[in-house]
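Asker: Next up, upload-v8.cif (mmCIF, C-alpha atoms and all ligand atoms).
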data_query
#
loop_
_atom_site.label_atom_id
_atom_site.label_comp_id
_atom_site.auth_asym_id
_atom_site.auth_seq_id
_atom_site.Cartn_x
_atom_site.Cartn_y
_atom_site.Cartn_z
CA MET A 9 5.97 6.23 38.71
CA LEU A 10 8.12 8.53 40.82
CA SER A 11 11.89 8.70 40.39
CA ILE A 12 14.27 10.17 42.91
CA VAL A 13 17.74 11.17 41.73
CA ILE A 14 20.37 11.29 44.46
CA PRO A 15 23.83 12.57 43.48
CA SER A 16 26.43 11.19 45.87
CA PHE A 17 30.12 11.80 46.14
CA ASN A 18 32.05 10.12 48.95
CA GLU A 19 28.89 9.67 51.00
CA GLN A 20 29.31 6.18 52.41
CA GLU A 21 28.04 7.27 55.83
CA ASN A 22 24.97 8.90 54.34
CA ILE A 23 23.79 6.54 51.64
CA PRO A 24 22.12 3.90 53.87
CA ALA A 25 20.30 6.56 55.91
CA ALA A 26 19.29 8.43 52.76
CA ALA A 27 17.96 5.25 51.14
CA ARG A 28 16.01 4.40 54.28
CA GLU A 29 14.51 7.81 54.95
CA ILE A 30 13.80 8.80 51.37
CA GLY A 31 12.46 5.31 50.65
CA ALA A 32 10.13 5.50 53.61
CA VAL A 33 8.58 8.77 52.44
CA VAL A 34 8.36 7.84 48.78
CA SER A 35 6.90 4.37 49.30
CA ARG A 36 3.93 6.03 50.98
CA LEU A 37 3.35 8.27 47.96
CA SER A 38 3.43 5.71 45.22
CA ASP A 39 3.81 1.95 44.84
CA GLU A 40 5.95 2.48 41.82
CA TYR A 41 9.06 4.39 42.62
CA GLU A 42 12.79 4.20 42.10
CA LEU A 43 15.73 5.69 43.92
CA ILE A 44 18.62 6.35 41.58
CA PHE A 45 21.95 6.87 43.31
CA VAL A 46 24.48 8.50 41.03
CA ASP A 47 27.92 7.78 42.37
CA ASP A 48 29.99 10.72 41.16
CA GLY A 49 33.30 8.87 41.17
CA SER A 50 33.49 8.35 44.92
CA ARG A 51 36.76 7.15 46.32
CA ASP A 52 35.24 5.58 49.44
CA GLY A 53 32.93 2.59 49.82
CA SER A 54 29.88 4.37 48.34
CA TRP A 55 29.60 2.16 45.29
CA ASP A 56 29.73 -1.10 47.28
CA ILE A 57 26.98 0.19 49.52
CA ILE A 58 24.84 1.23 46.55
CA THR A 59 25.34 -2.20 44.95
CA GLN A 60 24.42 -3.94 48.16
CA LEU A 61 21.32 -1.77 48.66
CA SER A 62 20.13 -2.36 45.11
CA ASP A 63 20.57 -6.11 45.54
CA GLU A 64 18.36 -5.99 48.59
CA ASP A 65 15.76 -3.56 47.29
CA PRO A 66 14.48 -3.66 43.69
CA HIS A 67 13.47 0.01 43.99
CA ILE A 68 17.10 1.09 44.23
CA ARG A 69 19.31 1.61 41.21
CA GLY A 70 22.81 2.94 40.89
CA LEU A 71 24.99 4.58 38.26
CA ARG A 72 28.69 4.92 38.73
CA PHE A 73 30.83 7.54 37.00
CA SER A 74 34.30 6.64 35.86
CA ARG A 75 35.62 9.63 37.85
CA ASN A 76 34.33 12.70 39.66
CA PHE A 77 32.45 14.77 37.09
CA GLY A 78 30.71 17.11 39.54
CA LYS A 79 27.21 17.36 40.94
CA GLU A 80 25.77 18.94 37.78
CA SER A 81 26.77 15.95 35.69
CA ALA A 82 25.46 13.59 38.34
CA ILE A 83 22.06 15.32 38.31
CA PHE A 84 21.82 15.21 34.54
CA ALA A 85 22.88 11.56 34.39
CA GLY A 86 20.14 10.79 36.92
CA LEU A 87 17.53 12.74 34.93
CA LYS A 88 18.48 10.82 31.82
CA ALA A 89 18.22 7.46 33.60
CA ALA A 90 14.94 8.25 35.39
CA ASP A 91 11.77 6.63 34.09
CA GLY A 92 9.30 8.42 36.36
CA ASP A 93 6.38 10.63 35.39
CA ALA A 94 7.77 12.89 38.06
CA VAL A 95 11.44 13.10 38.95
CA ALA A 96 12.82 14.62 42.14
CA VAL A 97 16.43 15.60 42.78
CA ILE A 98 17.61 15.52 46.38
CA ASP A 99 20.97 15.68 48.19
CA CYS A 100 22.39 12.57 49.74
CA ASP A 101 23.32 14.20 53.06
CA LEU A 102 19.70 14.66 54.24
CA GLN A 103 20.10 18.45 54.28
CA HIS A 104 17.05 18.43 52.06
CA PRO A 105 14.34 17.01 54.36
CA PRO A 106 12.81 13.95 52.62
CA ALA A 107 9.47 14.58 54.39
CA LEU A 108 8.96 17.56 52.08
CA LEU A 109 8.70 15.18 49.14
CA SER A 110 5.10 14.39 50.00
CA ASP A 111 4.15 18.10 49.81
CA MET A 112 6.07 18.43 46.57
CA TYR A 113 4.39 15.35 45.19
CA SER A 114 0.88 16.57 45.97
CA THR A 115 1.70 19.99 44.50
CA TRP A 116 2.77 18.18 41.35
CA GLN A 117 -0.46 16.18 41.37
CA ASP A 118 -2.34 19.47 41.62
CA GLY A 119 -0.81 20.51 38.32
CA ALA A 120 2.53 22.17 38.99
CA GLU A 121 5.21 21.07 36.55
CA VAL A 122 8.23 22.34 38.43
CA VAL A 123 8.10 22.20 42.22
CA GLU A 124 11.03 24.05 43.73
CA ALA A 125 11.99 23.74 47.35
CA VAL A 126 13.35 27.12 48.47
CA LYS A 127 15.38 27.73 51.58
CA ALA A 128 13.46 29.52 54.31
CA SER A 129 16.75 29.81 56.14
CA ARG A 130 20.19 29.02 54.87
CA GLY A 131 21.17 26.68 57.69
CA LYS A 132 24.61 26.76 59.26
CA GLU A 133 27.08 28.50 57.01
CA GLY A 134 30.24 30.47 57.61
CA ILE A 135 30.04 34.27 57.32
CA PHE A 136 32.52 34.19 54.44
CA TYR A 137 30.45 31.59 52.61
CA LYS A 138 27.30 33.61 53.17
CA MET A 139 28.90 36.75 51.74
CA PHE A 140 30.18 34.84 48.75
CA ALA A 141 26.75 33.29 48.08
CA LYS A 142 25.00 36.67 48.46
CA SER A 143 27.22 38.45 45.98
CA PHE A 144 26.98 35.56 43.54
CA TYR A 145 23.17 35.70 43.64
CA ARG A 146 23.24 39.49 43.23
CA ILE A 147 25.45 39.26 40.14
CA MET A 148 23.23 36.55 38.66
CA ARG A 149 20.05 38.52 39.31
CA LYS A 150 21.39 41.83 38.01
CA SER A 151 22.96 40.36 34.92
CA SER A 152 20.64 37.61 33.81
CA GLY A 153 17.39 38.47 35.58
CA ILE A 154 17.26 35.02 37.16
CA ASP A 155 16.58 35.25 40.88
CA LEU A 156 18.35 32.38 42.54
CA ASP A 157 18.36 33.64 46.10
CA ARG A 158 17.16 30.88 48.43
CA THR A 159 16.84 28.36 45.60
CA SER A 160 18.38 24.93 45.91
CA ASP A 161 18.84 21.86 43.78
CA TYR A 162 15.96 20.22 45.64
CA LYS A 163 13.24 20.03 42.98
CA LEU A 164 10.51 17.83 41.66
CA LEU A 165 10.03 17.95 37.91
CA ASP A 166 7.31 16.72 35.62
CA ARG A 167 8.26 14.31 32.82
CA LYS A 168 7.79 17.13 30.28
CA VAL A 169 10.38 19.26 32.07
CA VAL A 170 12.80 16.36 32.39
CA ASP A 171 12.50 15.67 28.67
CA ALA A 172 13.12 19.35 27.93
CA LEU A 173 16.21 19.35 30.14
CA ASN A 174 17.47 16.11 28.61
CA GLU A 175 17.30 17.71 25.21
CA LEU A 176 19.57 20.62 26.07
CA PRO A 177 22.73 20.03 24.05
CA GLU A 178 25.14 22.03 26.20
CA ARG A 179 27.79 20.45 28.37
CA LEU A 180 28.29 23.26 30.86
CA THR A 181 25.03 23.24 32.74
CA PHE A 182 23.61 24.94 35.80
CA PHE A 183 20.66 22.87 36.90
CA ARG A 184 19.32 25.35 39.44
CA ALA A 185 18.89 28.07 36.84
CA LEU A 186 18.10 25.85 33.85
CA SER A 187 15.06 24.33 35.49
CA GLY A 188 13.72 27.89 35.72
CA TRP A 189 14.93 28.83 32.27
CA VAL A 190 12.90 26.07 30.57
CA GLY A 191 9.76 27.68 32.00
CA PHE A 192 6.66 25.58 32.80
CA LYS A 193 4.23 26.01 35.66
CA THR A 194 6.31 26.51 38.77
CA ALA A 195 5.41 26.24 42.43
CA ARG A 196 7.64 26.97 45.41
CA ILE A 197 7.67 25.32 48.80
CA GLU A 198 9.80 26.57 51.68
CA PHE A 199 12.02 24.38 53.79
CA ASP A 200 14.63 24.76 56.49
CA VAL A 201 18.05 23.46 55.60
CA ALA A 202 18.89 20.68 58.02
CA PRO A 203 22.43 20.16 59.25
CA ARG A 204 24.49 17.61 57.33
CA ASN A 205 23.75 14.05 58.43
CA ALA A 206 27.37 12.92 58.42
CA GLY A 207 30.66 13.89 56.82
CA LYS A 208 31.86 17.22 55.48
CA THR A 209 30.65 19.33 52.58
CA LYS A 210 32.03 18.08 49.28
CA TRP A 211 32.58 21.56 47.93
CA SER A 212 35.97 23.13 48.37
CA PHE A 213 36.17 26.90 47.99
CA SER A 214 37.97 26.62 44.66
CA LYS A 215 35.36 24.16 43.36
CA LEU A 216 32.59 26.54 44.44
CA PHE A 217 34.35 29.53 42.89
CA LYS A 218 34.71 27.75 39.56
CA TYR A 219 31.08 26.69 39.76
CA ALA A 220 29.99 30.30 40.37
CA LEU A 221 32.15 31.64 37.52
CA SER A 222 30.92 29.08 35.03
CA SER A 223 27.31 29.65 36.09
CA ILE A 224 27.60 33.40 35.58
CA THR A 225 29.32 33.11 32.23
CA GLY A 226 26.90 30.36 31.23
CA PHE A 227 23.95 32.66 31.67
CA THR A 228 25.07 36.14 30.75
CA ASN A 229 27.39 38.16 28.56
CA VAL A 230 27.39 41.09 30.96
CA PRO A 231 31.12 40.74 31.78
CA MET A 232 31.85 41.28 28.07
CA HIS A 233 29.66 44.39 28.00
CA ILE A 234 31.50 45.72 31.02
CA ILE A 235 34.72 45.62 28.98
CA THR A 236 33.09 47.60 26.17
CA TRP A 237 31.71 50.18 28.56
CA SER A 238 34.99 50.64 30.37
CA GLY A 239 36.52 51.11 26.93
CA VAL A 240 34.01 53.86 26.14
CA LEU A 241 34.67 55.50 29.50
CA PHE A 242 38.41 55.51 28.92
CA PHE A 243 37.94 56.88 25.42
CA ILE A 244 36.05 59.89 26.79
CA PHE A 245 38.72 60.32 29.43
CA ALA A 246 41.39 60.09 26.76
CA ILE A 247 39.79 62.84 24.65
CA ILE A 248 39.55 65.21 27.60
CA LEU A 249 43.10 64.53 28.73
CA GLY A 250 44.34 64.75 25.14
CA ILE A 251 42.80 68.20 24.59
CA GLN A 252 44.16 69.44 27.90
CA THR A 253 47.64 68.20 27.06
CA LEU A 254 47.55 69.77 23.59
CA VAL A 255 46.38 73.10 24.95
CA ASN A 256 49.14 73.04 27.53
CA PHE A 257 51.66 72.18 24.83
CA CYS A 258 50.56 74.99 22.54
CA MET A 259 50.74 77.47 25.37
CA GLY A 260 54.29 76.39 25.95
CA ASN A 261 53.84 74.91 29.38
CA ALA A 262 53.82 71.19 28.65
CA ALA A 263 53.55 69.26 31.88
CA ASP A 264 56.52 67.11 32.67
CA GLY A 265 54.20 64.48 34.06
CA PHE A 266 56.29 61.36 34.22
CA SER A 267 54.19 60.00 37.08
CA THR A 268 51.02 60.63 35.09
CA VAL A 269 52.35 58.56 32.22
CA ILE A 270 53.32 55.70 34.51
CA LEU A 271 49.95 55.75 36.25
CA LEU A 272 48.01 55.80 32.98
CA LEU A 273 50.10 52.95 31.63
CA LEU A 274 49.47 50.86 34.71
CA ILE A 275 45.73 51.49 34.74
CA ILE A 276 45.29 50.89 31.02
CA GLY A 277 47.54 47.85 31.16
CA SER A 278 45.57 46.18 33.90
CA ILE A 279 42.21 46.97 32.34
CA LEU A 280 43.40 45.52 29.04
CA MET A 281 44.63 42.38 30.76
CA LEU A 282 41.37 42.02 32.62
CA GLY A 283 39.43 42.43 29.39
CA ILE A 284 41.54 39.86 27.59
CA GLY A 285 41.09 37.54 30.57
CA ILE A 286 37.29 37.80 30.43
CA ILE A 287 37.23 37.23 26.69
CA GLY A 288 39.62 34.32 27.15
CA TYR A 289 37.31 32.81 29.72
CA TYR A 290 34.35 32.85 27.35
CA LEU A 291 36.60 31.51 24.62
CA SER A 292 37.63 28.58 26.79
CA LYS A 293 33.95 27.85 27.47
CA ILE A 294 33.25 27.84 23.74
CA TYR A 295 36.24 25.57 23.26
CA GLU A 296 34.96 23.20 25.90
CA GLU A 297 31.50 23.09 24.34
CA ILE A 298 32.75 22.68 20.82
CA LYS A 299 34.81 19.63 21.72
CA CYS A 300 31.48 17.90 22.32
CA ARG A 301 32.84 15.57 24.94
CA PRO A 302 30.22 13.73 26.95
CA ARG A 303 29.10 15.34 30.21
CA TYR A 304 30.00 12.19 32.11
CA ILE A 305 31.12 8.62 31.55
CA ILE A 306 29.25 5.81 33.24
CA SER A 307 31.45 2.91 34.22
CA GLN A 308 28.95 0.67 36.01
CA ARG A 309 25.25 0.27 36.61
CA THR A 310 23.39 -1.71 39.18
CA GLY A 311 19.74 -2.60 39.70
CA ASN A 312 17.09 -3.12 37.07
CA ARG A 313 14.82 -0.60 35.47
CA GLN A 314 11.27 -1.24 36.46
CA SER A 315 8.66 -1.52 33.78
CA LYS A 316 7.13 1.81 32.93
CA GLY A 317 3.74 2.29 34.43
N1 LIG B 401 28.05 16.01 45.19
C1 LIG B 401 28.32 15.32 44.02
N2 LIG B 401 29.49 15.61 43.34
C2 LIG B 401 30.39 16.53 43.79
C3 LIG B 401 30.08 17.25 44.98
C4 LIG B 401 28.90 16.95 45.65
O1 LIG B 401 27.55 14.48 43.58
O2 LIG B 401 31.42 16.73 43.15
C5 LIG B 401 26.79 15.70 45.92
C6 LIG B 401 26.97 15.34 47.38
O3 LIG B 401 27.24 13.98 47.55
C7 LIG B 401 25.64 15.72 47.97
C8 LIG B 401 25.23 16.92 47.13
O4 LIG B 401 26.00 16.85 45.94
O5 LIG B 401 24.66 14.72 47.83
C9 LIG B 401 25.46 18.21 47.86
O6 LIG B 401 26.80 18.28 48.28
P1 LIG B 401 27.21 18.93 49.66
O7 LIG B 401 26.29 18.48 50.74
O8 LIG B 401 28.66 18.63 49.84
O9 LIG B 401 27.01 20.46 49.34
P2 LIG B 401 26.37 21.58 50.31
O10 LIG B 401 25.12 20.99 50.91
O11 LIG B 401 27.41 21.84 51.31
O12 LIG B 401 26.10 22.71 49.37
MG MG B 402 24.92 19.31 51.83
#
Would you put the structure from the file into structure tokens?

Answerer:
Amino acid sequence: MLSIVIPSFNEQENIPAAAREIGAVVSRLSDEYELIFVDDGSRDGSWDIITQLSDEDPHIRGLRFSRNFGKESAIFAGLKAADGDAVAVIDCDLQHPPALLSDMYSTWQDGAEVVEAVKASRGKEGIFYKMFAKSFYRIMRKSSGIDLDRTSDYKLLDRKVVDALNELPERLTFFRALSGWVGFKTARIEFDVAPRNAGKTKWSFSKLFKYALSSITGFTNVPMHIITWSGVLFFIFAIILGIQTLVNFCMGNAADGFSTVILLLLIIGSILMLGIGIIGYYLSKIYEEIKCRPRYIISQRTGNRQSKG
């Protein structure tokens, strides 16, 4: 059986088209398949459409979150609900071409356990967005050794991989990197990002920025090491400046460097604040994890699970 997980947030214009197009491709691959729409707390008519679709088509199932928990949570809820021997994750806006699923499926049949669709081109994006994405990927690669450039959330995973991901206890997840982190035999297929079918992107800049920050801190401690190293650097600087000042003092020509003192205070002050901020950020992550709240809350389900086969 093949399961397709489709996170959707305010996608009422896209859901019928997605169900139709993805269904058409998948039904040719396997008789037993399911499309799982995860409604990430949409405020439009998405849930009604999902309910209606699942009434009409036994292959379609839906989960509804009690509020917007974010795409990561939606993906993981879908992975948990999926019964398939292979599970694919695909966007609802048809930016991930459904036709590629058949290539991904045959690659999986040939033995790959993780089939990643990577972007051959990044599609239409603003220059600012592009710059932001580039620097994010560079920081991730340099600090954690995980190369995410061109990767997407469009993936097909073997049951073994899905089970491994389902067992991860953490709440703050980053699917794109975690599916690489768990290992397994990986294959990559290129695709061109299509323009959005309908509607606007569901990511605001602040949402994206938070996502990037939590992904970086979720995968590396490098920001903490940077604090230590800047501390070491300033210590060396302090020794040199200290000796110079003492020598000047002993020779009777102490510098009346009021500006120097102000400057040093400002620099040290801001570095300290920055350091405390970074530590505080990690601390808040630990706090969030330790509370052990669920990743998402499901308020409704629709459609029946098909018997495993
Ligand atoms: N999405 C979601 N929850 C969110 C934001 C987005 O489930 O809080 C879904 C959205 O419905 C879509 C996919 O994630 O299916 C990708 O979102 P979008 O197309 O807005 O992102 P982009 O393609 O611009 O990166
Ligand atoms: Mg999109």

Asker: Identify, on the basis of only C-alpha atoms, every residue whose closest approach to A:Asp200 does not exceed 12 Å; exclude the query and any residue fewer than 3 positions from it along the same chain; express the result as a list in words.

Answerer: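 Answer for this query is Leu102, Gln103, His104, Pro105, Pro106, Ala107, Leu108, Ala125, Val126, Lys127, Ala128, Ser129, Arg130, Gly131, Lys132, Arg158, Thr159, Ser160, Tyr162, Ile197 and Pro203 of chain A.
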
Asker: So, with all atoms listed in the file as the atoms that count, which of A:His67, A:Arg313, A:Lys293, A:Arg28 lies closest to A:Thr181?

Answerer: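 Checking each of A:His67, A:Arg313, A:Lys293, A:Arg28 against A:Thr181, counting all atoms listed in the file, the winner is A:Lys293.
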
Asker: A:Lys215, A:Lys299, A:Lys168, A:Arg204: which is nearest ligand MG 402 (chain B), counting only C-alpha atoms and all ligand atoms?

Answerer: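 The shortest atom-to-atom distance to ligand MG 402 (chain B) comes from A:Arg204.
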
Asker: Quick one: residues within 10 Å of A:Tyr219, only C-alpha atoms, excluding same-chain residues fewer than 2 positions away - as a ChimeraX atom specification?

Answerer: /A:78,80,180-182,211,213-217,221-224

Asker: Counting all atoms listed in the file, which residues sit no farther than 7 Å from the position (11.5, 33.7, 37.1) in the file's frame? I'd like them as a list in words.

Answerer: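 Protein, DNA and RNA residues close to (11.5, 33.7, 37.1): Ile154, Asp155 and Gly188 of chain A.
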